[in-house]
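Here is the file final-v7.txt (compact mmCIF, C-alpha atoms).
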# COMPACT_ATOMS: atom_id res chain seq x y z
CA MET A 1 -13.65 -1.54 10.50
CA PRO A 2 -11.06 -2.83 8.04
CA PHE A 3 -11.62 -2.47 4.34
CA GLU A 4 -11.76 -5.67 2.27
CA LEU A 5 -10.78 -5.27 -1.37
CA GLY A 6 -9.79 -7.97 -3.82
CA GLY A 7 -9.33 -10.48 -1.00
CA GLU A 8 -6.94 -8.17 0.86
CA THR A 9 -7.57 -6.18 4.02
CA PHE A 10 -6.71 -2.51 4.30
CA THR A 11 -6.93 -0.09 7.20
CA SER A 12 -7.02 3.04 5.06
CA ARG A 13 -9.90 3.63 2.66
CA LEU A 14 -7.95 6.22 0.70
CA ILE A 15 -6.22 5.15 -2.52
CA LEU A 16 -3.70 7.67 -3.77
CA GLY A 17 -2.64 8.26 -7.36
CA THR A 18 0.96 9.28 -8.04
CA GLY A 19 0.21 11.34 -11.16
CA GLY A 20 0.79 15.07 -11.13
CA ALA A 21 3.30 15.29 -8.27
CA ALA A 22 5.97 17.91 -8.90
CA ASN A 23 8.75 15.60 -7.74
CA LEU A 24 9.32 12.30 -5.97
CA HIS A 25 10.24 13.94 -2.66
CA VAL A 26 6.88 15.69 -2.35
CA LEU A 27 5.14 12.54 -3.55
CA GLU A 28 6.72 10.45 -0.80
CA GLN A 29 5.75 12.96 1.89
CA ALA A 30 2.18 13.10 0.56
CA ILE A 31 1.86 9.30 0.48
CA ARG A 32 3.04 9.07 4.07
CA ALA A 33 0.77 11.92 5.25
CA SER A 34 -2.27 10.36 3.54
CA GLY A 35 -1.92 7.06 5.38
CA THR A 36 -2.75 5.22 2.15
CA GLU A 37 -1.83 1.56 1.67
CA LEU A 38 -2.64 1.31 -2.05
CA VAL A 39 -1.09 3.57 -4.67
CA THR A 40 -1.59 3.79 -8.43
CA LEU A 41 1.17 4.06 -10.99
CA ALA A 42 1.41 3.94 -14.77
CA LEU A 43 3.52 2.17 -17.40
CA ARG A 44 5.38 4.44 -19.84
CA ARG A 45 8.40 4.33 -22.13
CA VAL A 46 11.68 4.25 -20.18
CA GLY A 47 13.05 7.71 -19.47
CA THR A 48 10.13 9.74 -20.79
CA ALA A 49 7.22 10.48 -18.45
CA PRO A 50 7.69 11.83 -14.88
CA GLY A 51 8.89 9.07 -12.60
CA SER A 52 10.04 6.85 -15.47
CA THR A 53 13.66 7.90 -15.05
CA GLY A 54 13.90 5.74 -11.93
CA GLY A 55 13.24 5.89 -8.24
CA LEU A 56 9.46 5.56 -8.21
CA LEU A 57 9.31 1.84 -7.35
CA GLU A 58 11.96 2.25 -4.67
CA LEU A 59 9.95 5.11 -3.18
CA LEU A 60 6.77 3.01 -3.12
CA ASP A 61 8.73 0.14 -1.54
CA ARG A 62 9.95 2.45 1.22
CA CYS A 63 6.39 3.58 1.91
CA GLY A 64 5.29 -0.06 2.21
CA VAL A 65 2.28 0.42 -0.07
CA ARG A 66 0.68 -2.06 -2.44
CA LEU A 67 0.86 -1.21 -6.17
CA LEU A 68 -2.16 -0.60 -8.36
CA PRO A 69 -1.02 -0.20 -11.99
CA ASN A 70 -3.36 1.69 -14.30
CA THR A 71 -4.10 1.48 -18.01
CA ALA A 72 -4.32 5.27 -18.38
CA GLY A 73 -4.40 6.54 -21.94
CA CYS A 74 -5.83 3.36 -23.46
CA HIS A 75 -8.76 3.84 -25.85
CA THR A 76 -9.67 0.26 -26.73
CA ALA A 77 -10.20 -2.97 -24.83
CA THR A 78 -7.39 -4.62 -26.84
CA GLU A 79 -4.91 -1.92 -25.87
CA ALA A 80 -5.97 -1.87 -22.20
CA VAL A 81 -5.70 -5.67 -21.89
CA LYS A 82 -2.16 -5.55 -23.31
CA VAL A 83 -1.12 -2.76 -20.94
CA ALA A 84 -2.57 -4.70 -17.99
CA ARG A 85 -0.55 -7.76 -18.99
CA LEU A 86 2.60 -5.66 -19.40
CA ALA A 87 2.00 -4.12 -15.96
CA ARG A 88 1.55 -7.57 -14.43
CA ASP A 89 4.89 -8.61 -15.90
CA ALA A 90 6.61 -5.40 -14.77
CA PHE A 91 5.22 -5.10 -11.25
CA ASP A 92 4.39 -8.70 -10.24
CA THR A 93 0.78 -7.89 -9.44
CA ASP A 94 -2.45 -8.99 -11.05
CA TRP A 95 -4.28 -5.95 -9.71
CA VAL A 96 -5.21 -3.35 -12.28
CA LYS A 97 -7.02 -0.03 -12.28
CA LEU A 98 -8.71 -0.50 -15.62
CA GLU A 99 -9.18 2.69 -17.62
CA VAL A 100 -10.49 2.76 -21.18
CA ILE A 101 -11.00 6.35 -22.25
CA GLY A 102 -13.80 7.22 -24.65
CA ASP A 103 -13.51 10.98 -24.94
CA GLU A 104 -10.40 13.18 -24.99
CA ARG A 105 -11.90 16.31 -23.47
CA THR A 106 -13.70 14.74 -20.51
CA LEU A 107 -11.57 11.57 -20.21
CA LEU A 108 -14.81 9.75 -19.42
CA PRO A 109 -14.73 5.99 -19.94
CA ASP A 110 -15.91 4.10 -23.01
CA GLY A 111 -18.40 1.76 -21.32
CA VAL A 112 -18.51 -0.78 -24.15
CA GLU A 113 -14.76 -1.20 -24.38
CA LEU A 114 -14.41 -1.08 -20.58
CA LEU A 115 -16.82 -3.95 -20.04
CA ARG A 116 -15.14 -5.99 -22.78
CA ALA A 117 -11.68 -5.44 -21.26
CA ALA A 118 -12.94 -6.18 -17.74
CA GLU A 119 -14.43 -9.48 -18.82
CA GLU A 120 -11.22 -10.58 -20.54
CA LEU A 121 -8.96 -9.56 -17.66
CA VAL A 122 -11.17 -11.21 -15.02
CA SER A 123 -11.05 -14.47 -16.99
CA ASP A 124 -7.26 -14.10 -17.17
CA GLY A 125 -7.07 -13.99 -13.36
CA PHE A 126 -6.71 -10.25 -12.81
CA THR A 127 -8.18 -8.37 -9.85
CA VAL A 128 -9.95 -5.72 -11.88
CA LEU A 129 -10.82 -2.30 -10.42
CA PRO A 130 -12.52 -0.44 -13.27
CA TYR A 131 -12.69 3.35 -13.52
CA THR A 132 -16.25 3.81 -14.74
CA SER A 133 -18.85 6.52 -15.21
CA ASP A 134 -21.58 7.20 -12.64
CA ASP A 135 -23.99 4.98 -14.59
CA PRO A 136 -25.59 2.49 -12.14
CA VAL A 137 -26.39 0.00 -14.93
CA LEU A 138 -22.84 -0.11 -16.25
CA ALA A 139 -21.54 -0.43 -12.69
CA ARG A 140 -23.77 -3.46 -12.16
CA ARG A 141 -22.62 -5.03 -15.41
CA LEU A 142 -18.98 -4.58 -14.34
CA ALA A 143 -19.69 -6.21 -10.98
CA ASP A 144 -21.56 -9.03 -12.75
CA VAL A 145 -18.54 -9.95 -14.90
CA GLY A 146 -16.42 -10.31 -11.76
CA CYS A 147 -14.74 -6.97 -11.11
CA ALA A 148 -13.41 -6.73 -7.54
CA ALA A 149 -14.86 -3.22 -7.14
CA VAL A 150 -16.42 -0.49 -9.22
CA MET A 151 -14.89 2.97 -9.29
CA PRO A 152 -17.31 5.59 -10.58
CA ALA A 153 -16.12 9.09 -11.48
CA GLY A 154 -17.56 11.90 -9.38
CA SER A 155 -16.74 14.26 -12.26
CA PRO A 156 -14.04 14.31 -14.98
CA ILE A 157 -10.48 13.33 -14.06
CA GLY A 158 -8.49 16.28 -12.72
CA SER A 159 -11.48 18.64 -12.88
CA GLY A 160 -11.86 19.11 -9.13
CA LEU A 161 -15.61 19.52 -9.68
CA GLY A 162 -16.53 17.08 -6.93
CA ILE A 163 -19.49 14.72 -7.15
CA GLY A 164 -21.80 15.84 -9.95
CA ASN A 165 -24.56 13.32 -9.39
CA PRO A 166 -24.64 12.16 -5.77
CA HIS A 167 -27.88 10.28 -6.35
CA HIS A 168 -26.24 8.03 -8.95
CA ILE A 169 -23.40 7.27 -6.56
CA ARG A 170 -26.01 6.14 -4.02
CA LEU A 171 -27.77 4.06 -6.66
CA ILE A 172 -24.47 2.40 -7.59
CA ARG A 173 -23.80 1.60 -3.92
CA GLN A 174 -27.22 -0.01 -3.65
CA GLY A 175 -26.91 -1.89 -6.93
CA VAL A 176 -23.69 -3.86 -6.48
CA ASP A 177 -22.29 -6.11 -3.77
CA VAL A 178 -18.62 -5.24 -4.39
CA PRO A 179 -16.83 -2.21 -2.91
CA VAL A 180 -17.62 1.16 -4.53
CA ILE A 181 -14.68 3.53 -4.74
CA LEU A 182 -15.27 7.11 -5.80
CA ASP A 183 -12.58 7.76 -8.39
CA ALA A 184 -11.92 11.08 -10.12
CA GLY A 185 -13.22 14.59 -9.73
CA ILE A 186 -12.39 15.13 -6.06
CA GLY A 187 -11.26 18.72 -5.49
CA THR A 188 -11.03 19.11 -1.75
CA ALA A 189 -11.63 17.34 1.54
CA SER A 190 -15.40 17.94 1.65
CA ASP A 191 -15.79 16.08 -1.68
CA ALA A 192 -14.02 13.02 -0.22
CA ALA A 193 -16.14 13.19 2.93
CA LEU A 194 -19.31 13.43 0.83
CA ALA A 195 -18.29 10.34 -1.16
CA MET A 196 -18.01 8.37 2.04
CA GLU A 197 -21.28 9.81 3.42
CA LEU A 198 -23.00 8.62 0.23
CA GLY A 199 -21.94 5.12 1.18
CA CYS A 200 -18.78 4.66 -0.86
CA ASP A 201 -16.29 2.17 0.58
CA GLY A 202 -13.27 4.19 -0.43
CA VAL A 203 -11.96 7.15 -2.39
CA LEU A 204 -9.27 7.23 -5.07
CA LEU A 205 -7.72 10.59 -5.84
CA ALA A 206 -4.52 11.99 -7.30
CA SER A 207 -4.66 15.56 -8.62
CA ALA A 208 -6.53 16.92 -5.58
CA VAL A 209 -3.41 16.14 -3.55
CA THR A 210 -0.54 16.20 -6.02
CA ARG A 211 -1.59 19.48 -7.66
CA ALA A 212 -2.64 21.24 -4.44
CA ALA A 213 -0.49 24.21 -3.44
CA ASP A 214 0.55 22.18 -0.38
CA PRO A 215 0.24 18.49 -1.30
CA VAL A 216 1.28 17.22 2.11
CA ALA A 217 -1.33 19.33 3.93
CA MET A 218 -4.01 18.24 1.45
CA ALA A 219 -3.00 14.58 1.82
CA THR A 220 -3.48 14.95 5.56
CA ALA A 221 -6.86 16.62 5.00
CA MET A 222 -7.97 13.78 2.72
CA ARG A 223 -6.95 11.19 5.27
CA TYR A 224 -9.22 12.78 7.89
CA ALA A 225 -11.99 13.55 5.38
CA VAL A 226 -12.30 9.90 4.37
CA GLU A 227 -12.33 8.81 8.02
CA ALA A 228 -14.81 11.54 8.99
CA GLY A 229 -17.12 10.74 6.09
CA ARG A 230 -17.05 7.05 6.89
CA LEU A 231 -17.85 7.68 10.57
CA ALA A 232 -20.64 10.12 9.68
CA ALA A 233 -22.13 7.63 7.20
CA GLY A 234 -22.49 5.10 9.99
CA ALA A 235 -23.54 7.56 12.67
CA GLY A 236 -27.12 8.18 11.51
CA ARG A 237 -27.35 11.84 10.57
CA ILE A 238 -30.34 13.94 11.69
CA ALA A 239 -33.25 14.48 9.34
CA ARG A 240 -33.31 17.71 7.35
CA ARG A 241 -36.00 20.12 8.58
CA PHE A 242 -37.56 23.14 6.91
CA HIS A 243 -37.57 25.19 10.13
CA ALA A 244 -35.43 25.31 13.24
CA LEU A 245 -35.61 22.93 16.18
CA ALA A 246 -34.05 24.40 19.32
CA SER A 247 -31.49 22.24 21.05
CA THR A 248 -31.77 24.23 24.29
CA PRO A 249 -34.98 23.36 26.18
CA ASP A 250 -37.67 25.93 26.67
CA GLU A 251 -38.44 24.53 30.13
CA GLY A 252 -36.95 26.47 33.02
CA ARG A 253 -36.48 29.67 31.04
CA PRO A 254 -36.40 32.65 33.51
CA GLU A 255 -39.02 35.40 33.42
CA LEU A 256 -37.16 38.67 33.22
CA MET B 1 20.11 -4.66 -37.76
CA GLU B 2 17.72 -1.74 -37.37
CA LEU B 3 14.91 -1.67 -34.82
CA THR B 4 12.42 0.92 -33.67
CA VAL B 5 12.72 1.14 -29.88
CA ASN B 6 10.25 3.36 -28.05
CA GLY B 7 9.55 5.17 -31.31
CA ALA B 8 13.18 5.89 -32.25
CA GLY B 9 15.58 4.09 -34.58
CA ARG B 10 18.23 1.93 -32.93
CA SER B 11 20.93 -0.41 -34.28
CA VAL B 12 21.62 -3.69 -32.51
CA ALA B 13 23.90 -6.64 -33.25
CA VAL B 14 22.48 -9.41 -35.40
CA GLY B 15 21.16 -12.17 -33.16
CA ALA B 16 20.47 -9.87 -30.19
CA SER B 17 17.68 -11.00 -27.88
CA VAL B 18 15.11 -8.96 -25.99
CA ALA B 19 17.18 -9.59 -22.84
CA ASP B 20 20.26 -8.10 -24.56
CA LEU B 21 18.32 -5.00 -25.60
CA VAL B 22 16.82 -4.46 -22.14
CA ARG B 23 20.31 -4.76 -20.60
CA ASP B 24 21.54 -2.02 -22.99
CA ILE B 25 18.68 0.33 -22.07
CA VAL B 26 18.14 -0.03 -18.33
CA ALA B 27 20.50 -0.73 -15.44
CA GLU B 28 17.85 -2.54 -13.42
CA PRO B 29 15.27 -4.75 -15.16
CA ARG B 30 12.90 -4.68 -12.19
CA GLY B 31 9.68 -2.90 -13.08
CA VAL B 32 10.33 -3.21 -16.81
CA ALA B 33 8.00 -4.74 -19.38
CA VAL B 34 8.52 -5.34 -23.10
CA ALA B 35 6.29 -5.61 -26.14
CA VAL B 36 7.56 -6.54 -29.61
CA ASN B 37 5.43 -5.63 -32.61
CA GLY B 38 2.52 -4.96 -30.28
CA GLU B 39 2.69 -8.31 -28.46
CA VAL B 40 3.68 -8.73 -24.81
CA VAL B 41 6.95 -10.64 -24.32
CA PRO B 42 6.93 -11.90 -20.71
CA ARG B 43 10.13 -11.46 -18.72
CA THR B 44 10.83 -15.20 -18.66
CA GLY B 45 10.83 -15.19 -22.46
CA TRP B 46 13.31 -12.33 -22.95
CA PRO B 47 16.52 -14.41 -23.35
CA ALA B 48 14.99 -16.75 -25.91
CA ARG B 49 13.24 -14.10 -27.94
CA ALA B 50 15.53 -13.13 -30.84
CA LEU B 51 14.99 -9.71 -32.38
CA ARG B 52 14.58 -9.32 -36.13
CA ASP B 53 15.37 -6.44 -38.45
CA GLY B 54 12.48 -3.96 -38.44
CA ASP B 55 10.99 -5.05 -35.12
CA ARG B 56 9.08 -2.38 -33.19
CA VAL B 57 9.98 -2.71 -29.53
CA GLU B 58 8.42 -0.96 -26.54
CA VAL B 59 10.49 -0.95 -23.35
CA LEU B 60 8.27 0.30 -20.55
CA THR B 61 8.67 1.08 -16.89
CA ALA B 62 6.96 2.58 -13.85
CA ALA B 63 5.83 6.18 -14.20
CA GLN B 64 3.67 8.47 -12.11
CA GLY B 65 0.00 8.06 -12.89
CA GLY B 66 -3.37 8.35 -11.20

Target format structure tokens, applied to this file:
Amino acid sequence: MPFELGGETFTSRLILGTGGAANLHVLEQAIRASGTELVTLALRRVGTAPGSTGGLLELLDRCGVRLLPNTAGCHTATEAVKVARLARDAFDTDWVKLEVIGDERTLLPDGVELLRAAEELVSDGFTVLPYTSDDPVLARRLADVGCAAVMPAGSPIGSGLGIGNPHHIRLIRQGVDVPVILDAGIGTASDAALAMELGCDGVLLASAVTRAADPVAMATAMRYAVEAGRLAAGAGRIARRFHALASTPDEGRPEL
Amino acid sequence: MELTVNGAGRSVAVGASVADLVRDIVAEPRGVAVAVNGEVVPRTGWPARALRDGDRVEVLTAAQGG
């Protein structure tokens, strides 16, 4: 089933971040292997950060993906709103992955500033996809102010710790009527599959692919993991049992 | 006149606009955004926006990010 996000339809439910890739060649191969149709990028001073010396936009054009600019590194609503407006001017898109960081060590979001920025950007016509914590109440508040999705962290950005509180991810899925995208903390394919099994509509990851020893192989793994998790979520898993239940019938067993 | 561009000092001709500065810094203005003294200057406003001595200018572009 296609994935509806911000009024657009996607086939892939995997959103890939471009941060952390060793070079643009590997990044392009990973994007293609992942099957993603939506890719994040950042705004930085010309000629400084990786990718800012040219070639990144051309690469993303060649891959035919839609752009999702982020506000990474912003610590206040004021700053994040300005970066979103700069990104809109630079990339001709009103989509934004809204990040407002509240803590340097964990890079977890500042919920107060995040909600404030989301409200302002929604009223300015942006399609706001906020990176949030796994707090079901904050997620609902973000959906209430008009965000096009909510994107809870499984665990801190780049940590690879997976989904720390699966129950909260389920509660978030139940509590909002916009897409839920698990964003941050994914380490390997099973984490992405679990996110989808918990009911998430999509997964956003960067480091798990770009910093893997073999980014292209991991991108392929993530593509299948998201599909497998989605299929399993809809397939009605068996109940957990304390003891075994034989699948081979007892009837007709020979007497030997 | 003296500006601060992306955190470093830079001299430009008196009367230079944001569009002139961007042309000096990047070959291709696609994917570029500019803020002057912390305020966004939209692309359509670059030619008309004159720079003043002491302005702090940020010239930004696409970079890898998650």

Problem - 10 Å contacts from chain A to chain B using only C-alpha atoms, as a ChimeraX atom specification - result: /A:15-21,23-24,27,39-57,68-72,79,82-83,85-92,97,157-158,183-184,204-207,210

Got time to write the residues from that selection, C-alpha atoms, as a PDB file, keeping the file's coordinate frame?
ATOM      1  CA  ILE A  15      -6.220   5.150  -2.520  1.00  0.00           C
ATOM      2  CA  LEU A  16      -3.700   7.670  -3.770  1.00  0.00           C
ATOM      3  CA  GLY A  17      -2.640   8.260  -7.360  1.00  0.00           C
ATOM      4  CA  THR A  18       0.960   9.280  -8.040  1.00  0.00           C
ATOM      5  CA  GLY A  19       0.210  11.340 -11.160  1.00  0.00           C
ATOM      6  CA  GLY A  20       0.790  15.070 -11.130  1.00  0.00           C
ATOM      7  CA  ALA A  21       3.300  15.290  -8.270  1.00  0.00           C
ATOM      8  CA  ASN A  23       8.750  15.600  -7.740  1.00  0.00           C
ATOM      9  CA  LEU A  24       9.320  12.300  -5.970  1.00  0.00           C
ATOM     10  CA  LEU A  27       5.140  12.540  -3.550  1.00  0.00           C
ATOM     11  CA  VAL A  39      -1.090   3.570  -4.670  1.00  0.00           C
ATOM     12  CA  THR A  40      -1.590   3.790  -8.430  1.00  0.00           C
ATOM     13  CA  LEU A  41       1.170   4.060 -10.990  1.00  0.00           C
ATOM     14  CA  ALA A  42       1.410   3.940 -14.770  1.00  0.00           C
ATOM     15  CA  LEU A  43       3.520   2.170 -17.400  1.00  0.00           C
ATOM     16  CA  ARG A  44       5.380   4.440 -19.840  1.00  0.00           C
ATOM     17  CA  ARG A  45       8.400   4.330 -22.130  1.00  0.00           C
ATOM     18  CA  VAL A  46      11.680   4.250 -20.180  1.00  0.00           C
ATOM     19  CA  GLY A  47      13.050   7.710 -19.470  1.00  0.00           C
ATOM     20  CA  THR A  48      10.130   9.740 -20.790  1.00  0.00           C
ATOM     21  CA  ALA A  49       7.220  10.480 -18.450  1.00  0.00           C
ATOM     22  CA  PRO A  50       7.690  11.830 -14.880  1.00  0.00           C
ATOM     23  CA  GLY A  51       8.890   9.070 -12.600  1.00  0.00           C
ATOM     24  CA  SER A  52      10.040   6.850 -15.470  1.00  0.00           C
ATOM     25  CA  THR A  53      13.660   7.900 -15.050  1.00  0.00           C
ATOM     26  CA  GLY A  54      13.900   5.740 -11.930  1.00  0.00           C
ATOM     27  CA  GLY A  55      13.240   5.890  -8.240  1.00  0.00           C
ATOM     28  CA  LEU A  56       9.460   5.560  -8.210  1.00  0.00           C
ATOM     29  CA  LEU A  57       9.310   1.840  -7.350  1.00  0.00           C
ATOM     30  CA  LEU A  68      -2.160  -0.600  -8.360  1.00  0.00           C
ATOM     31  CA  PRO A  69      -1.020  -0.200 -11.990  1.00  0.00           C
ATOM     32  CA  ASN A  70      -3.360   1.690 -14.300  1.00  0.00           C
ATOM     33  CA  THR A  71      -4.100   1.480 -18.010  1.00  0.00           C
ATOM     34  CA  ALA A  72      -4.320   5.270 -18.380  1.00  0.00           C
ATOM     35  CA  GLU A  79      -4.910  -1.920 -25.870  1.00  0.00           C
ATOM     36  CA  LYS A  82      -2.160  -5.550 -23.310  1.00  0.00           C
ATOM     37  CA  VAL A  83      -1.120  -2.760 -20.940  1.00  0.00           C
ATOM     38  CA  ARG A  85      -0.550  -7.760 -18.990  1.00  0.00           C
ATOM     39  CA  LEU A  86       2.600  -5.660 -19.400  1.00  0.00           C
ATOM     40  CA  ALA A  87       2.000  -4.120 -15.960  1.00  0.00           C
ATOM     41  CA  ARG A  88       1.550  -7.570 -14.430  1.00  0.00           C
ATOM     42  CA  ASP A  89       4.890  -8.610 -15.900  1.00  0.00           C
ATOM     43  CA  ALA A  90       6.610  -5.400 -14.770  1.00  0.00           C
ATOM     44  CA  PHE A  91       5.220  -5.100 -11.250  1.00  0.00           C
ATOM     45  CA  ASP A  92       4.390  -8.700 -10.240  1.00  0.00           C
ATOM     46  CA  LYS A  97      -7.020  -0.030 -12.280  1.00  0.00           C
ATOM     47  CA  ILE A 157     -10.480  13.330 -14.060  1.00  0.00           C
ATOM     48  CA  GLY A 158      -8.490  16.280 -12.720  1.00  0.00           C
ATOM     49  CA  ASP A 183     -12.580   7.760  -8.390  1.00  0.00           C
ATOM     50  CA  ALA A 184     -11.920  11.080 -10.120  1.00  0.00           C
ATOM     51  CA  LEU A 204      -9.270   7.230  -5.070  1.00  0.00           C
ATOM     52  CA  LEU A 205      -7.720  10.590  -5.840  1.00  0.00           C
ATOM     53  CA  ALA A 206      -4.520  11.990  -7.300  1.00  0.00           C
ATOM     54  CA  SER A 207      -4.660  15.560  -8.620  1.00  0.00           C
ATOM     55  CA  THR A 210      -0.540  16.200  -6.020  1.00  0.00           C
TER      56      THR A 210
END

Handout entry: For atom CA of Pro254 of chain A and atom CA of Arg241 of chain A, the interatomic separation in Å (one decimal)
Key =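 Calculated distance between atom CA of Pro254 of chain A and atom CA of Arg241 of chain A is 27.9 Å.
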
Exercise for the section: Could you check how far atom CA of Ser133 of chain A sits from atom CA of Ile186 of chain A, in Å to one decimal? Expected result: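 So the answer is 14.1 Å.
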
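The space separating atom CA of Gly175 of chain A from atom CA of Phe3 of chain A comes to 19.0 Å.
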
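Proximity to Leu51 of chain B at 8 Å, evaluated using all atoms listed in the file and with sequence-adjacent residues fewer than 2 positions away removed, yields Gly15, Ala16, Ser17, Val18, Arg49, Asp53 and Asp55 of chain B.
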
Step by step, gather every atom of segment 42-56 of chain B that the file lists, find the box along x, y and z that holds them, add 6 Å on each side, and finally give centre and edge lengths in Å to one decimal, as JSON.
{"center_x": 11.7, "center_y": -9.6, "center_z": -28.6, "size_x": 21.6, "size_y": 26.4, "size_z": 31.8}

Using only C-alpha atoms, which protein or nucleic acid residues come within 10 Å of Leu5 of chain A? Drop anything in the same chain fewer than 3 positions from it, and give the result as a CSV table (one decimal) with C-alpha atoms, keeping the file's coordinate frame.
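Just written: out_11.csv:
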chain,number,residue,atom,x,y,z
A,2,PRO,CA,-11.1,-2.8,8.0
A,8,GLU,CA,-6.9,-8.2,0.9
A,9,THR,CA,-7.6,-6.2,4.0
A,10,PHE,CA,-6.7,-2.5,4.3
A,13,ARG,CA,-9.9,3.6,2.7
A,127,THR,CA,-8.2,-8.4,-9.8
A,129,LEU,CA,-10.8,-2.3,-10.4
A,148,ALA,CA,-13.4,-6.7,-7.5
A,149,ALA,CA,-14.9,-3.2,-7.1
A,178,VAL,CA,-18.6,-5.2,-4.4
A,179,PRO,CA,-16.8,-2.2,-2.9
A,180,VAL,CA,-17.6,1.2,-4.5
A,201,ASP,CA,-16.3,2.2,0.6
A,202,GLY,CA,-13.3,4.2,-0.4

With all atoms listed in the file as the counted atoms, please give the residues lying no more than 12 Å from Arg62 of chain A, apart from itself and same-chain residues fewer than 2 positions off, as an mmCIF file with C-alpha atoms, in the coordinates of the input.
data_model
loop_
_atom_site.group_PDB
_atom_site.id
_atom_site.type_symbol
_atom_site.label_atom_id
_atom_site.label_comp_id
_atom_site.auth_asym_id
_atom_site.auth_seq_id
_atom_site.Cartn_x
_atom_site.Cartn_y
_atom_site.Cartn_z
ATOM 1 C CA GLU A 28 6.720 10.450 -0.800
ATOM 2 C CA GLN A 29 5.750 12.960 1.890
ATOM 3 C CA ILE A 31 1.860 9.300 0.480
ATOM 4 C CA ARG A 32 3.040 9.070 4.070
ATOM 5 C CA GLU A 37 -1.830 1.560 1.670
ATOM 6 C CA GLY A 55 13.240 5.890 -8.240
ATOM 7 C CA LEU A 56 9.460 5.560 -8.210
ATOM 8 C CA LEU A 57 9.310 1.840 -7.350
ATOM 9 C CA GLU A 58 11.960 2.250 -4.670
ATOM 10 C CA LEU A 59 9.950 5.110 -3.180
ATOM 11 C CA LEU A 60 6.770 3.010 -3.120
ATOM 12 C CA GLY A 64 5.290 -0.060 2.210
ATOM 13 C CA VAL A 65 2.280 0.420 -0.070
ATOM 14 C CA ARG A 66 0.680 -2.060 -2.440
#

Handout entry: All residues 12 Å or closer to Asp214 of chain A, only C-alpha atoms, same chain fewer than 3 positions away omitted, as a list of chain:residue names
Key = A:Ala21, A:Ala22, A:Val26, A:Leu27, A:Gln29, A:Ala30, A:Ala33, A:Ser207, A:Ala208, A:Val209, A:Thr210, A:Arg211, A:Ala217, A:Met218, A:Ala219, A:Thr220, A:Ala221

Problem - Within 7 Å of file point (-26.5, 6.5, -0.5), counting all atoms listed in the file, expressed as a PyMOL selection string - result: chain A and resi 169-171+173+198-199

Handout entry: Surrounding residues of Met1 of chain B excluding itself and chain neighbours under 6 positions, 8 Å, only C-alpha atoms, as a PyMOL selection string
Key = chain B and resi 11-14+52-54

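Closest to His168 of chain A among A:Ala139, A:Cys147, A:Leu107, A:Leu245 is A:Ala139, based on all atoms listed in the file.
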